[in-house]
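Here is the structure we will look at, set down as structure tokens.
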Amino acid sequence: MKAPWFMELIGAFGGRCVYCGGMRVLTVDHVVPKRRGGGGESNLLPACEPCNSAKGCLPFYVWLERIDLPLVTLVDRIEAARTRLGRIQSDAARVARRRLQRLITVMHWDASQLRMSKLKYGDR
């Protein structure tokens with residue numbers, strides 16, 4: 001059984017996979033894979049099983065490149081979900097909203113590190 005805040009999160013994404021937008025059964029995706037240090041509840045998004053399995057332990061920015069989904073589009077989807085959660089007056093929605101904000105911060109930091117690495121070492 002998923003936690004109430006995660007159920008609110010699924011609702012805020014319209015019951016759709018954050019990556020492909022599909023209306024399949026949703027699983028809990030660790031945006032930054034656990035194997036790469038991505039722990040905690042602020043690292044979770046709803047993803048369909050095919051996307052979650054295909055992503056595996058890839059860094060999220062590598063996965064986004066593979067499926068041709070710009071980071072800005074994913075962040076826009078997350079921001080829209082945060083806005084929807086802001087209209088819901090429940091503790092679970094407030095928790096989900098805070099966790100999404102932390103996730104956006106981590107995603108921006110990871111992406112900026114990737115950009116700096118590409119500038120310094122080239123696109124390998």
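Each chain in the structure tokens gets a letter, A, B and so on, in the order shown; residues start at 1 in every chain, and ligands are counted from 1 in the order they appear.
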
Inset, instruction - Compile the contact shell of Val28 of chain A as a list in words: residues with an atom at most 9 Å away, counting only C-alpha atoms, same-chain residues fewer than 4 positions apart removed. - result: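 Non-adjacent residues within range: Lys2, Phe6, Leu44, Leu45, Pro46, Ala47, Cys48, Glu49 and Asn52 of chain A.
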
Legend entry - Selection: 12 Å around Lys34 of chain A, only C-alpha atoms, excl. self and same-chain fewer than 4 positions, as a ChimeraX atom specification: /A:29-30,38-41,43-44,56-60

Inset, instruction - Excluding segment 81-92 of chain A and any residue of its chain fewer than 5 positions from it, enumerate the residues within 9 Å of it, using only C-alpha atoms, and give them as a list of chain:residue names. - result: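 Listing them by chain and then by number gives A:Ala3, A:Pro4, A:Trp5, A:Phe6, A:Met7, A:Glu8, A:Leu9, A:Gly11, A:Ala12, A:Phe13, A:Gly14, A:Asp76, A:Arg97, A:Arg98, A:Leu100, A:Gln101.
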
Residue selection dump (C-alpha atoms) as a compact mmCIF listing (two decimals), in the first residue's frame:
```txt
# COMPACT_ATOMS: atom_id res chain seq x y z
CA ALA A 3 1.55 6.22 1.60
CA PRO A 4 -1.25 8.85 1.57
CA TRP A 5 1.14 11.59 0.39
CA PHE A 6 2.19 9.43 -2.59
CA MET A 7 -1.45 8.79 -3.47
CA GLU A 8 -1.95 12.59 -3.49
CA LEU A 9 1.12 12.83 -5.73
CA GLY A 11 -3.54 12.35 -8.27
CA ALA A 12 -1.61 15.56 -8.87
CA PHE A 13 -0.07 13.95 -11.96
CA GLY A 14 -3.53 12.96 -13.15
CA ASP A 76 7.22 21.81 -15.85
CA ARG A 97 4.24 19.40 -2.33
CA ARG A 98 7.31 19.89 -0.08
CA LEU A 100 8.40 17.76 -4.97
CA GLN A 101 10.12 21.07 -4.23
```

Legend entry - Nearest to Arg16 of chain A, chosen from A:Arg36, A:Arg94, A:His108, A:Arg77, with only C-alpha atoms counted in the distances: A:Arg77

Legend entry - Nearest to Pro50 of chain A by atom-to-atom distance, counting only C-alpha atoms, from A:Val31, A:Leu74, A:Leu69, A:Cys17: A:Cys17

Legend entry - Nearest to Val95 of chain A, chosen from A:Tyr61, A:Gly21, A:Ser42, A:Thr27, with only C-alpha atoms counted in the distances: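 Going through A:Tyr61, A:Gly21, A:Ser42, A:Thr27 one by one, the smallest distance to Val95 of chain A is for A:Ser42.
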
Inset, instruction - Apply DSSP to the structure's backbone, then extract all residues of chain A labelled strand (DSSP E or B) and return them as a list in words. - result: Leu26, Thr27, Val28, Asp29, His30, Leu44, Leu45, Pro46, Ala47 and Cys48 of chain A

Legend entry - Which of segment 19-105 of chain A DSSP labels helix (DSSP H, G or I), written as number ranges by chain: A: 34-36, 41-43, 49-55, 60-66, 71-86, 91-105

Inset, instruction - State, in Å with one decimal place, the distance from atom CA of Pro33 of chain A to atom CA of Val75 of chain A. - result: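 Computing it gives 17.7 Å between the two atoms.
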
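Each of A:Thr73, A:Trp63, A:Glu79, A:Ala96 was checked against Ile10 of chain A using only C-alpha atoms; the smallest atom-to-atom distance is that of A:Ala96.
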